[in-house]
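Asks: There's a structure below that I have some questions on.
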Amino acid sequence: MKSLAQVVFSSFGSSVGKKLLVALTGLALLLFLAGHLAGNLLIYRGPEELNSYAHELHTALHGSLVWIARLGLLAAFVVHVALTISLARDNRAARPHAYAKPATVQASIASRTMILSGLVILSFVVYHILHFTVHVADPSYDALVFDLHGHKVPDVYSKVVKGFSSVPISAFYILSMALLCTHLSHGFASVFQTLGLRSARTSGLLKLLGGLYALVIFVGNVSIPLSVLGGFIKPIAH
Amino acid sequence: MSSFPDSKVPSGPLQDKWTQHKFKSALINPKNKRRYTVLVVGSGLAGSSAAATLSELGYKVKCFCYQDSPRRAHSIAAQGGINAAKNYQNDGDSVYRLFYDTIKGGDYRSREANVYRLAEVSVNIIDQCVAQGVPFAREYGGLLDNRSFGGAQVSRTFYAAGQTGQQLLLGAYSALNKQIAAGAVKMYPRTEMLDLVLVDGHAKGIITRNLSTGKIERHAGDAVLLCTGGYGNVFFLSTNAMGCNVTATWRAHKRGAWFANPCYTQIHPTCIPRSGDYQSKLTLMSESLRNDGRVWVPKNAADCDKDPDSIPEEARDYFLERKYPSFGNLAPRDISSRAAKEACDDGRGVGPVVGSHREGVYLDFAESIRDFGEDTIRARYGNLFDMYSRITGENPYRTPMRIYPAVHYTMGGLWVDYNLMSSIPGLHVLGEANFSDHGANRLGASALMQGLADGYFVIPSTLPNYLAPQPPGQVKENHEAFAAAENDVRERINRFLKVNGKRSVDSFHRELGLLIWNKCGMARDREGLQEALKRLPEIRAEFWSNVRIPGGADQVNPELEKAGRVADFIEFGETMCLDALSREESCGGHFRTEYQTPDGEALRNDEQFAYVAAWEHTGENVAPKLHQEPLNFENVKLSVRSYK
Amino acid sequence: MESKLNLTLKVWRQSDRQSQGRLVTYPAEGIPTSASFLEMLDIVNEGLISNGEEPIAFDHDCREGICGSCSLVINGVPHGPEKATTSCQLHMRSFRNGDTIYIEPFRARAFPVVKDLVVDRSAFDRIQQSGGFISVRTGSAVEANSILVAKDDADHAFRAATCIGCGACVAACKNASAMLFVAAKVSHLNILPQGQPEKDERTIRMVQQMDAEGFGGCTNQYECEAVCPKEISVDFIGRLNRDYAAAAAAETVTA
């Protein structure tokens with residue numbers, strides 16, 4: 001009899017098994033993006049709202065919730081990236097000889113550039129964490145604190161404003177969001193197909209929802225650097 | 001007349017013959033079965049089903065096909081359906097009725113016992129196919145649906161949209177795959193049989209050529225099954241696949257197997273006409289089109305190149321309705337085909353001039369579209385209309401379709417006894433490759449039935465009658481008979497390559513096809529057949545002195561493959577014409593213009609010709625010898641077909 | 001009466017599996033528009049033979065769109081520009097006088113070139129052998145009408161079963177994935193009641209064999225569906241994914 005590990009490895013080690021895991025982790029990342037955006041948008045309600053939300057997030061369950069979420073996300077992210085890279089390598093190997101006259105009948109550009117958009121997103125995520133979470137990009141962020149009803153808490157609001165006041169940084173974020181959203185526009189419907197939840201009847205709807213979802217994530221996130229640059233989101237007056 | 005090999009038809013009442021025969025047939029102990037090797041040539045319905053079933057029983061099986069996969073054998077192209085006497089429709093069908101219809105449809109030129117057995121096992125075929133997952137059409141209640149087909153008065157045809165052949169072949173192929181996976185069948189795709197090996201007069205092996213590498217190989221076995229289809233491509237243009245050929249059966253014939261009734265060929269009336277000299281094959285459209293289309297040609301030859309819409313009603317000749325008022329456009333295949341040919345020979349054909357005249361008649365849906373609406377017609381024939389417009393570039397909803405008859409099935413084949421064994425002991429022949437069940441004309445939806453009957457249900461019971469007395473594995477590939485046969489094959493290939501003449505193989509094939517079509521096609525006469533018999537040796541001589549085959553023998557070489565097949569077709573054509581000449585009557589697919597009633601109907605001669613004509617090869621450049629197997633009708637009364 | 005075309009062909013020529021191939025340019029002159037694409041090649045080959053050259057080798061057999069032999073990539077598209085049409089049913093009226101037409105073999109690691117435009121698709125047979133059947137011995141079948149099959153299921157299974165195994169899906173996919181083929185074959189049997197007992201094993205085995213043959217995976221671009229001459233729906237790929245997930249889960253939790 002095969003051991004559990006053997007069964008799991010053989011079932012989820014096949015191309016379809018790997019794709020199932022990519023879809024499931026993709027779904028987790030899709031949900032995370034929605035939550036992340038909702039938190040980000042609190043910036044429009046002012047520094048107090050945003051900073052108190054950030055504070056609650058970091059102190060819930062004695063500070064462990066954020067770490068559970070971070071580890072879960074990291075795992076999903078690693079699985080998603082590692083398996084897609086592995087699949088992409090297999091896919092390339094499956095066509096060693098290219099056509100002299102290649103042609104595409106109907107596949108979208110987004111669908112054909114998933115690995116490229118994905119790799120740019122990967123580099124963006126690394127930068128994003130270094131930028132806003134670890135503050136490697138700008139250690140002065142460590143000093144930004146906010147007085148939340150007498151408690152000194154990290155001043156997320158000011159970090160965002162400071163970060164996006166730089167045009168090159170904002171431009172990089174906006175470009176990355178654009179690629180993220182082409183990735184999502186294909187990825188959203190793709191998740192359903194890979195999980196076997198798409199049919200001819202729902203395919204139009206899923207495509208539409210995927211597009212809308214990508215658009216909401218794009219517009220919501222891009223609005224923040226644009227608002228900072230345009231002066232709609234102002235630094236905290238001291 | 002020489003002594004005829006025993007047809008082994010069992011005695012006793014018709015209904016009990018098969019049951020009794022099975023009971024009396026030899027059995028082989030399961031442990032011994034695996035010591036026998038059976039070589040199955042061809043992987044269509046007959047070959048795949050036989051290979052799968054025999055290996056399930058325990059025999060070691062090797063199966064060969066020239067295609068790159070057994071799934072591509074030409075059974076795949078059958079559209080209409082498969083008959084079975086299930087009587088699910090409660091419309092009065094029975095095994096006896098299917099038997100009777102088949103005998104009558106074959107114009108009383110087949111063996112009663114064989115045909116009855118075919119009808120009897122037809123019901124098992126459907127059970128088997130459904131269990132394999134063949135997705136036959138269903139009614140809303142979940143039961144199997146049936147339709148009436150080819151003019152039958154009961155609905156006994158099972159179908160899977162317009163691709164019943166593909167679905168049945170995929171079923172047989174899946175059974176074959178199961179056995180290949182189990183290691184019980186060894187499959188040899190892209191492998192063509194080029195000769196039969198006889199040891200002490202028994203078929204004990206074959207010589208093949210690997211079409212990918214050119215390698216000549218020897219395969220020894222305890223019995224050989226030829227399931228290699230018909231010879232329709234002797235006409236060059238037919239609805240057969242490009243690769244369909246007579247080589248396996250012809251090579252066996254030259255080793256001693258008798259060829260029966262080669263003049264019986266079936267013409268299908270609703271094919272798309274030729275459009276030019278470059279044409280490589282003809283495409284069949286389902287006969288069901290004739291349910292709603294009206295066939296006509298202009299009354300006046302001068303109208304033939306006019307736009308059909310501009311030809312007024314009174315200037316049109318609805319010739320089938322005129323000649324056959326009660327059946328009209330639904331007159332049987334051979335009758336409608338001949339009527340179309342007569343109209344075209346009369347100079348009233350339509351469409352492009354190909355060769356000397358126009359070969360096409362209109363199949364007009366204007367009236368049906370007017371009566372039922374375009375949507376109804378689209379629902380009924382949408383697929384066929386699409387196919388027609390893809391091939392012709394014309395829109396059949398606006399302009400009448402053009403149709404013309406084409407060769408599509410051959411009833412003749414190697415002579416076999418009731419056990420499906422040929423006149424060579426050990427050589428068995430199944431499906432279209434044998435002559436056995438369809439007489440002079442085959443009913444619609446019966447070809448698939450026969451292929452699967454032979455492979456699934458007949459040969460598994462009858463093969464042991466040959467094998468049981470034979471000690472297994474007695475002949476090996478190193479036997480001198482293999483060396484001699486291999487040598488013959490190699491020499492022939494070298495001869496092809498050495499000619500280095502000027503003409504391509506195809507040019508000979510086209511020339512042969514046109515000759516056979518004109519002289520031994522829908523209508524034949526003594527003079528024409530004699531001309532053909534004079535011309536054929538000339539074509540053969542020119543072929544062997546002027547064919548050009550580029551490339552070598554040890555590689556993929558389609559020209560070399562075709563050369564072998566065409567050389568055999570040329571030889572076979574002579575026997576075919578000889579058979580047609582010697583059968584001085586008209587029956588089924590064989591219409592001799594000298595033998596017709598005053599109003600142009602086929603005139604059968606039961607007194608003199610109620611026999612199977614089996615031809616024995618007696619040497620190169622020597623006329624083959626005719627043997628006659630009398631057909632005895634104990635159950636049906638011979639009558640004249642009338643469709644007036 | 002009918003127009004003729006003068007064309008330039010760029011055809012892949014490769015003498016055998018081991019050789020390096022290359023594109024060779026041939027003129028194709030006086031091609032009638034009513035000829036089929038393969039008849040156009042016949043005409044070109046006739047010219048090559050009369051010059052003593054080896055004709056272009058290509059797979060073909062039934063020439064009526066059902067055997068699945070023909071396997072040409074025409075201007076980058078398997079089976080060429082017409083929808084739901086095999087190479088053999090493509091006609092020259094789809095082209096214009098003066099066109100240059102690239103003709104290449106199906107490209108995939110799992111479909112090695114045998115010669116010129118002929119490829120070896122035996123990988124498809126091996127996938128079928130790994131589980132594309134219902135294990136029923138001849139003679140052991142029950143009465144055909146004793147198992148009812150809902151009309152919708154029968155029709156659905158039939159639509160999957162219309163696959164002709166040509167491999168255009170593989171040739172069109174940028175990953176050379178055989179998912180549409182495998183999905184069609186698995187679904188045909190998995191939908192029917194007769195196919196249930198072996199459903200999970202069939203699904204897993206056929207996917208594993210597909211991987212072993214060196215086909216790529218599906219990235220849901222649906223080029224396969226767009227070129228499929230039988231218009232097999234990518235819904236079947238979704239269905240295969242679902243059947244696979246269920247089979248993998250069942251295998252994981254049951255003994």
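Letters A, B, ... mark the chains of the structure tokens in the order given; residue numbers begin at 1 per chain; ligand numbers begin at 1, in order shown.
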With only C-alpha atoms as the counted atoms, please give the residues lying no more than 9 Å from Gly220 of chain A, apart from itself and same-chain residues fewer than 3 positions off, as a VMD selection string.
Replies: chain A and resid 37 to 38 40 to 41 215 to 217 223 to 224
Asks: Keeping only N, CA and C atoms, write those residues as a PDB file, in the first residue's frame.
Replies:
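Saved the output as part_8.pdb:
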ATOM      1  N   LEU A  37      -6.823  45.812   0.146  1.00  0.00           N
ATOM      2  CA  LEU A  37      -7.328  47.043  -0.462  1.00  0.00           C
ATOM      3  C   LEU A  37      -8.294  47.753   0.499  1.00  0.00           C
ATOM      4  N   ALA A  38      -9.177  46.936   1.117  1.00  0.00           N
ATOM      5  CA  ALA A  38     -10.150  47.545   2.032  1.00  0.00           C
ATOM      6  C   ALA A  38      -9.420  48.301   3.127  1.00  0.00           C
ATOM      7  N   ASN A  40      -6.333  49.524   2.961  1.00  0.00           N
ATOM      8  CA  ASN A  40      -5.656  50.685   2.363  1.00  0.00           C
ATOM      9  C   ASN A  40      -6.595  51.874   2.213  1.00  0.00           C
ATOM     10  N   LEU A  41      -7.847  51.568   1.829  1.00  0.00           N
ATOM     11  CA  LEU A  41      -8.767  52.659   1.499  1.00  0.00           C
ATOM     12  C   LEU A  41      -9.162  53.483   2.737  1.00  0.00           C
ATOM     13  N   LEU A 215     -10.165  45.435 -12.068  1.00  0.00           N
ATOM     14  CA  LEU A 215     -10.327  46.881 -12.209  1.00  0.00           C
ATOM     15  C   LEU A 215     -10.467  47.548 -10.839  1.00  0.00           C
ATOM     16  N   VAL A 216     -11.258  46.942  -9.967  1.00  0.00           N
ATOM     17  CA  VAL A 216     -11.460  47.505  -8.620  1.00  0.00           C
ATOM     18  C   VAL A 216     -10.128  47.536  -7.864  1.00  0.00           C
ATOM     19  N   ILE A 217      -9.389  46.438  -7.929  1.00  0.00           N
ATOM     20  CA  ILE A 217      -8.089  46.387  -7.241  1.00  0.00           C
ATOM     21  C   ILE A 217      -7.165  47.467  -7.816  1.00  0.00           C
ATOM     22  N   SER A 223      -5.366  54.779  -6.848  1.00  0.00           N
ATOM     23  CA  SER A 223      -5.900  56.081  -6.428  1.00  0.00           C
ATOM     24  C   SER A 223      -5.057  56.680  -5.304  1.00  0.00           C
ATOM     25  N   ILE A 224      -4.424  55.805  -4.501  1.00  0.00           N
ATOM     26  CA  ILE A 224      -3.712  56.329  -3.319  1.00  0.00           C
ATOM     27  C   ILE A 224      -2.455  57.117  -3.712  1.00  0.00           C
TER      28      ILE A 224
END
Asks: Would you write out, as a tab-separated table, a table of all residues in chain A that have an atom no more than 9 Å from an atom of chain C, listing for each the closest atom pair and the distance in Å to one decimal, considering only C-alpha atoms and ordering rows by chain and rising residue number?
Replies:
residue	atom	partner	partner_atom	distance
A:Met1	CA	C:Ala255	CA	8.3
A:Leu4	CA	C:Thr252	CA	6.6
A:Ala5	CA	C:Thr252	CA	9.0
A:Val7	CA	C:Thr252	CA	6.0
A:Val8	CA	C:Thr252	CA	6.4
A:Ser10	CA	C:Gln208	CA	8.7
A:Ser11	CA	C:Ala248	CA	5.5
A:Phe12	CA	C:Ala248	CA	7.6
A:Ser14	CA	C:Gln208	CA	6.4
A:Ser15	CA	C:Gly217	CA	5.7
A:Val16	CA	C:Asn241	CA	6.7
A:Gly17	CA	C:Ala245	CA	7.4
A:Lys19	CA	C:Gly217	CA	8.2
A:Leu20	CA	C:Ala245	CA	7.4
A:Leu87	CA	C:Gly217	CA	6.9
A:Ala88	CA	C:Asn175	CA	8.3
A:Asp90	CA	C:Gly216	CA	6.0
A:Asn91	CA	C:Gly216	CA	4.3
A:Arg92	CA	C:Asn175	CA	6.2
A:Ala93	CA	C:Arg109	CA	7.3
A:Ala94	CA	C:Arg109	CA	5.1
A:Arg95	CA	C:Ala108	CA	4.7
A:Pro96	CA	C:Arg109	CA	6.2
A:His97	CA	C:Arg107	CA	6.5
A:Ala98	CA	C:Arg107	CA	7.1
A:Tyr99	CA	C:Gly76	CA	6.8
A:Ala100	CA	C:Gly76	CA	7.8
A:Lys101	CA	C:Gly76	CA	5.2
A:Pro102	CA	C:Gly76	CA	4.7
A:Ala103	CA	C:Gly76	CA	4.7
A:Thr104	CA	C:Glu223	CA	7.5
A:Val105	CA	C:Glu223	CA	6.4
A:Gln106	CA	C:Glu223	CA	6.5
A:Ala107	CA	C:Gln221	CA	5.2
A:Ser108	CA	C:Gln221	CA	7.3
A:Ser111	CA	C:Gln221	CA	5.9
A:Arg112	CA	C:Gln221	CA	7.4
A:Met114	CA	C:Thr219	CA	8.8
A:His186	CA	C:Asn220	CA	8.6
A:Ala189	CA	C:Asn220	CA	9.0
A:Ser190	CA	C:Asn220	CA	6.2
A:Phe192	CA	C:Gly238	CA	8.1
A:Gln193	CA	C:Gly238	CA	5.0
A:Thr194	CA	C:Asn241	CA	5.8
A:Leu195	CA	C:Arg242	CA	5.9
A:Gly196	CA	C:Gly238	CA	4.0
A:Leu197	CA	C:Gly238	CA	6.7
A:Arg198	CA	C:Gly238	CA	6.3
A:Ser199	CA	C:Asp235	CA	5.2
A:Ala200	CA	C:Asp235	CA	6.3
Asks: List as a tab-separated table every residue of chain B that is in contact with chain C, defined as an atom at most 7 Å from one of its atoms (using only C-alpha atoms), together with the nearest atom pair and the distance in Å rounded to one decimal, sorted by chain and then rising number.
Replies:
residue	atom	partner	partner_atom	distance
B:Thr53	CA	C:Thr138	CA	6.0
B:Glu56	CA	C:Arg137	CA	6.8
B:Ser69	CA	C:Ser122	CA	6.9
B:Arg72	CA	C:Cys67	CA	4.8
B:His74	CA	C:Cys62	CA	6.8
B:Ile76	CA	C:Cys67	CA	6.3
B:Ala77	CA	C:Ile66	CA	6.1
B:Ile126	CA	C:Ala144	CA	6.4
B:Asp127	CA	C:Ala144	CA	4.3
B:Gln128	CA	C:Ala141	CA	5.2
B:Val130	CA	C:Ala144	CA	5.9
B:Ala131	CA	C:Ala141	CA	5.8
B:Gln132	CA	C:Ile134	CA	5.5
B:Gly133	CA	C:Leu189	CA	6.2
B:Pro135	CA	C:Phe158	CA	5.3
B:Ala137	CA	C:Ala154	CA	6.8
B:Arg138	CA	C:Lys151	CA	5.3
B:Glu139	CA	C:Lys151	CA	6.0
B:Tyr140	CA	C:Lys151	CA	5.3
B:Gly141	CA	C:Ala150	CA	6.7
B:Gly142	CA	C:Ala150	CA	4.5
B:Leu143	CA	C:Leu148	CA	5.7
B:Leu144	CA	C:Asn145	CA	6.6
B:Ser174	CA	C:Phe133	CA	4.9
B:Ala175	CA	C:Phe133	CA	6.5
B:Asn177	CA	C:Gln129	CA	4.7
B:Lys178	CA	C:Gln129	CA	6.0
B:Ile180	CA	C:Gln129	CA	6.8
B:Ala181	CA	C:Gln129	CA	5.4
B:Asn240	CA	C:Cys62	CA	6.7
B:Ala241	CA	C:Cys62	CA	3.8
B:Met242	CA	C:Asp61	CA	4.9
B:Gly243	CA	C:Asp61	CA	5.9
B:Ser275	CA	C:Ser34	CA	6.8
B:Tyr278	CA	C:Glu39	CA	6.6
B:Gln279	CA	C:Glu39	CA	6.8
B:Ser280	CA	C:Glu39	CA	6.6
B:Thr283	CA	C:Glu64	CA	6.4
B:Ile391	CA	C:Gln89	CA	6.6
B:Thr392	CA	C:Ser34	CA	6.8
B:Tyr456	CA	C:Thr138	CA	6.5
B:Lys502	CA	C:Ser50	CA	6.7
B:Ser504	CA	C:Ile49	CA	6.7
B:Pro550	CA	C:Glu54	CA	5.3
B:Gly551	CA	C:Glu54	CA	5.9
B:Val556	CA	C:Lys115	CA	7.0
Asks: Could you write out that same residue set with N, CA and C atoms as a tab-separated table (two decimals), in the first residue's frame?
Replies:
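Final file, result-v9.tsv:
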chain	number	residue	atom	x	y	z
B	53	THR	N	-11.15	-9.35	-28.57
B	53	THR	CA	-11.90	-10.49	-28.04
B	53	THR	C	-11.03	-11.74	-27.95
B	56	GLU	N	-8.81	-11.47	-25.04
B	56	GLU	CA	-9.55	-11.68	-23.78
B	56	GLU	C	-9.71	-13.17	-23.50
B	69	SER	N	-2.36	5.03	-36.05
B	69	SER	CA	-3.06	4.56	-34.86
B	69	SER	C	-4.22	3.68	-35.30
B	72	ARG	N	-7.65	5.10	-36.54
B	72	ARG	CA	-7.89	5.83	-37.77
B	72	ARG	C	-8.38	4.95	-38.92
B	74	HIS	N	-10.64	3.00	-41.55
B	74	HIS	CA	-11.69	3.74	-42.24
B	74	HIS	C	-13.11	3.43	-41.77
B	76	ILE	N	-14.05	4.32	-39.24
B	76	ILE	CA	-14.30	5.57	-38.52
B	76	ILE	C	-15.22	6.52	-39.30
B	77	ALA	N	-15.22	6.37	-40.64
B	77	ALA	CA	-15.93	7.36	-41.45
B	77	ALA	C	-17.40	7.03	-41.68
B	126	ILE	N	-25.11	-4.59	-29.92
B	126	ILE	CA	-25.57	-3.35	-29.29
B	126	ILE	C	-25.30	-3.41	-27.78
B	127	ASP	N	-25.58	-4.55	-27.17
B	127	ASP	CA	-25.30	-4.69	-25.74
B	127	ASP	C	-23.82	-4.42	-25.45
B	128	GLN	N	-22.98	-5.04	-26.27
B	128	GLN	CA	-21.54	-4.92	-26.06
B	128	GLN	C	-21.09	-3.46	-26.20
B	130	VAL	N	-22.83	-0.66	-25.97
B	130	VAL	CA	-23.34	0.21	-24.91
B	130	VAL	C	-22.52	0.02	-23.64
B	131	ALA	N	-22.18	-1.22	-23.34
B	131	ALA	CA	-21.39	-1.48	-22.13
B	131	ALA	C	-20.00	-0.86	-22.21
B	132	GLN	N	-19.48	-0.74	-23.44
B	132	GLN	CA	-18.16	-0.12	-23.62
B	132	GLN	C	-18.20	1.39	-23.52
B	133	GLY	N	-19.40	1.96	-23.53
B	133	GLY	CA	-19.51	3.41	-23.44
B	133	GLY	C	-19.73	4.09	-24.78
B	135	PRO	N	-21.64	6.20	-27.04
B	135	PRO	CA	-22.75	7.12	-26.72
B	135	PRO	C	-23.80	7.18	-27.83
B	137	ALA	N	-27.43	7.58	-29.58
B	137	ALA	CA	-28.51	8.53	-29.35
B	137	ALA	C	-29.55	7.90	-28.41
B	138	ARG	N	-30.11	8.73	-27.54
B	138	ARG	CA	-31.08	8.26	-26.54
B	138	ARG	C	-32.38	9.03	-26.66
B	139	GLU	N	-33.41	8.41	-26.17
B	139	GLU	CA	-34.68	9.11	-26.03
B	139	GLU	C	-34.66	9.84	-24.69
B	140	TYR	N	-35.68	10.71	-24.46
B	140	TYR	CA	-35.68	11.46	-23.20
B	140	TYR	C	-35.80	10.57	-21.98
B	141	GLY	N	-36.44	9.42	-22.15
B	141	GLY	CA	-36.56	8.50	-21.02
B	141	GLY	C	-35.28	7.75	-20.71
B	142	GLY	N	-34.24	7.96	-21.49
B	142	GLY	CA	-32.98	7.29	-21.21
B	142	GLY	C	-32.78	6.01	-21.98
B	143	LEU	N	-33.79	5.62	-22.78
B	143	LEU	CA	-33.65	4.40	-23.57
B	143	LEU	C	-32.98	4.72	-24.90
B	144	LEU	N	-32.49	3.69	-25.55
B	144	LEU	CA	-31.81	3.87	-26.83
B	144	LEU	C	-32.81	4.28	-27.91
B	174	SER	N	-11.07	0.99	-27.78
B	174	SER	CA	-10.86	1.03	-26.33
B	174	SER	C	-10.70	-0.39	-25.79
B	175	ALA	N	-11.49	-1.32	-26.34
B	175	ALA	CA	-11.33	-2.71	-25.92
B	175	ALA	C	-9.93	-3.21	-26.29
B	177	ASN	N	-7.28	-1.30	-26.64
B	177	ASN	CA	-6.33	-0.61	-25.76
B	177	ASN	C	-6.19	-1.31	-24.42
B	178	LYS	N	-7.33	-1.74	-23.90
B	178	LYS	CA	-7.33	-2.44	-22.62
B	178	LYS	C	-6.43	-3.66	-22.71
B	180	ILE	N	-4.03	-4.15	-24.99
B	180	ILE	CA	-2.63	-3.76	-25.25
B	180	ILE	C	-1.97	-3.41	-23.91
B	181	ALA	N	-2.73	-2.66	-23.09
B	181	ALA	CA	-2.19	-2.26	-21.78
B	181	ALA	C	-1.90	-3.49	-20.93
B	240	ASN	N	-13.71	5.83	-50.00
B	240	ASN	CA	-12.74	5.19	-49.11
B	240	ASN	C	-11.62	6.17	-48.74
B	241	ALA	N	-10.92	5.82	-47.68
B	241	ALA	CA	-9.74	6.60	-47.32
B	241	ALA	C	-8.66	6.39	-48.37
B	242	MET	N	-7.71	7.32	-48.44
B	242	MET	CA	-6.68	7.25	-49.46
B	242	MET	C	-5.87	5.96	-49.37
B	243	GLY	N	-5.69	5.47	-48.16
B	243	GLY	CA	-4.83	4.30	-47.98
B	243	GLY	C	-5.52	2.96	-48.14
B	275	SER	N	-14.83	18.08	-58.81
B	275	SER	CA	-14.75	19.45	-59.29
B	275	SER	C	-13.60	19.64	-60.28
B	278	TYR	N	-7.78	17.16	-60.51
B	278	TYR	CA	-6.89	17.00	-59.37
B	278	TYR	C	-7.58	16.28	-58.21
B	279	GLN	N	-8.88	16.04	-58.35
B	279	GLN	CA	-9.67	15.50	-57.24
B	279	GLN	C	-9.06	14.20	-56.72
B	280	SER	N	-8.97	14.08	-55.38
B	280	SER	CA	-8.31	12.91	-54.82
B	280	SER	C	-9.28	11.94	-54.18
B	283	THR	N	-16.57	12.69	-51.35
B	283	THR	CA	-17.14	12.77	-50.01
B	283	THR	C	-18.62	12.43	-50.05
B	391	ILE	N	-16.90	22.34	-48.80
B	391	ILE	CA	-16.20	21.68	-49.89
B	391	ILE	C	-16.44	22.38	-51.23
B	392	THR	N	-17.66	22.84	-51.45
B	392	THR	CA	-17.97	23.40	-52.77
B	392	THR	C	-17.93	24.91	-52.79
B	456	TYR	N	-16.44	-9.66	-32.88
B	456	TYR	CA	-16.80	-9.91	-31.49
B	456	TYR	C	-17.37	-11.31	-31.26
B	502	LYS	N	8.88	7.67	-65.92
B	502	LYS	CA	8.50	9.08	-66.00
B	502	LYS	C	7.21	9.42	-65.26
B	504	SER	N	4.11	9.26	-62.31
B	504	SER	CA	3.90	9.04	-60.88
B	504	SER	C	2.93	7.87	-60.69
B	550	PRO	N	10.55	8.16	-56.39
B	550	PRO	CA	11.74	8.76	-55.78
B	550	PRO	C	11.96	8.19	-54.38
B	551	GLY	N	13.16	8.39	-53.85
B	551	GLY	CA	13.45	7.92	-52.49
B	551	GLY	C	13.79	6.46	-52.46
B	556	VAL	N	10.63	6.45	-44.72
B	556	VAL	CA	9.22	6.75	-44.99
B	556	VAL	C	9.15	7.05	-46.48
Asks: At most 8 Å is the cut-off: for each residue in segment 330-375 of chain B with any atom that close to an atom of segment 302-311 of chain B, write down the nearest atom pair and the distance in Å rounded to one decimal, counting only C-alpha atoms, chain first then increasing number, as JSON lines.
Replies:
{"residue": "B:Arg348", "atom": "CA", "partner": "B:Cys304", "partner_atom": "CA", "distance": 6.2}
{"residue": "B:Gly349", "atom": "CA", "partner": "B:Cys304", "partner_atom": "CA", "distance": 6.5}
{"residue": "B:Val350", "atom": "CA", "partner": "B:Cys304", "partner_atom": "CA", "distance": 5.3}
{"residue": "B:Gly351", "atom": "CA", "partner": "B:Asp305", "partner_atom": "CA", "distance": 7.1}
Asks: Would you mind reading off the distance between atom CA of Gln163 of chain B and atom CA of Ser148 of chain B, one decimal, in Å?
Replies: 16.1 Å
Asks: Near Arg524 of chain B, counting only C-alpha atoms, which residues have an atom at most 8 Å away, once you skip same-chain residues fewer than 6 positions from it, shown as a list in words?
Replies: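 Listing them by chain and then by number gives Ala580, His590, Phe591, Arg592 and Thr593 of chain B.
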Asks: List every residue of segment 204-260 of chain B that DSSP, applied to the backbone, labels as alpha helix (DSSP H), and write the result as a CSV table (one decimal) with C-alpha atoms, in the first residue's frame.
Replies:
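The resulting file, result11.csv, is reproduced below:
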chain,number,residue,atom,x,y,z
B,247,THR,CA,-3.0,-5.6,-51.1
B,248,ALA,CA,-3.5,-7.9,-48.2
B,249,THR,CA,-6.4,-9.8,-49.7
B,250,TRP,CA,-4.8,-9.8,-53.2
B,251,ARG,CA,-1.5,-11.1,-51.9
B,252,ALA,CA,-3.5,-13.8,-50.1
B,253,HIS,CA,-5.3,-14.5,-53.3
B,254,LYS,CA,-2.1,-15.0,-55.1
Asks: List every residue of segment 49-289 of chain B that DSSP, applied to the backbone of this structure, places in strand (DSSP E or B), and write the result as a ChimeraX atom specification.
Replies: /B:60-64,82-83,138,144,147,157-158,185-188,191-199,202-210,216-220,223-226,259-260,265-271,284
Asks: Between atom CA of Leu24 of chain A and atom CA of Ala76 of chain A, what is the distance in Å, rounded to a tenth?
Replies: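 These atoms are spaced 8.5 Å apart.
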Asks: So how many Å separate atom CA of Leu5 of chain C and atom CA of Gly513 of chain B, to one decimal?
Replies: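 Separating atom CA of Leu5 of chain C from atom CA of Gly513 of chain B is a distance of 27.5 Å.
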Asks: What lies within 12 Å of segment 47-49 of chain A using only C-alpha atoms, ignoring chain neighbours under 3 positions off, as a PyMOL selection string?
Replies: chain A and resi 39-44+52-56+145-149+151+153-161+233-237
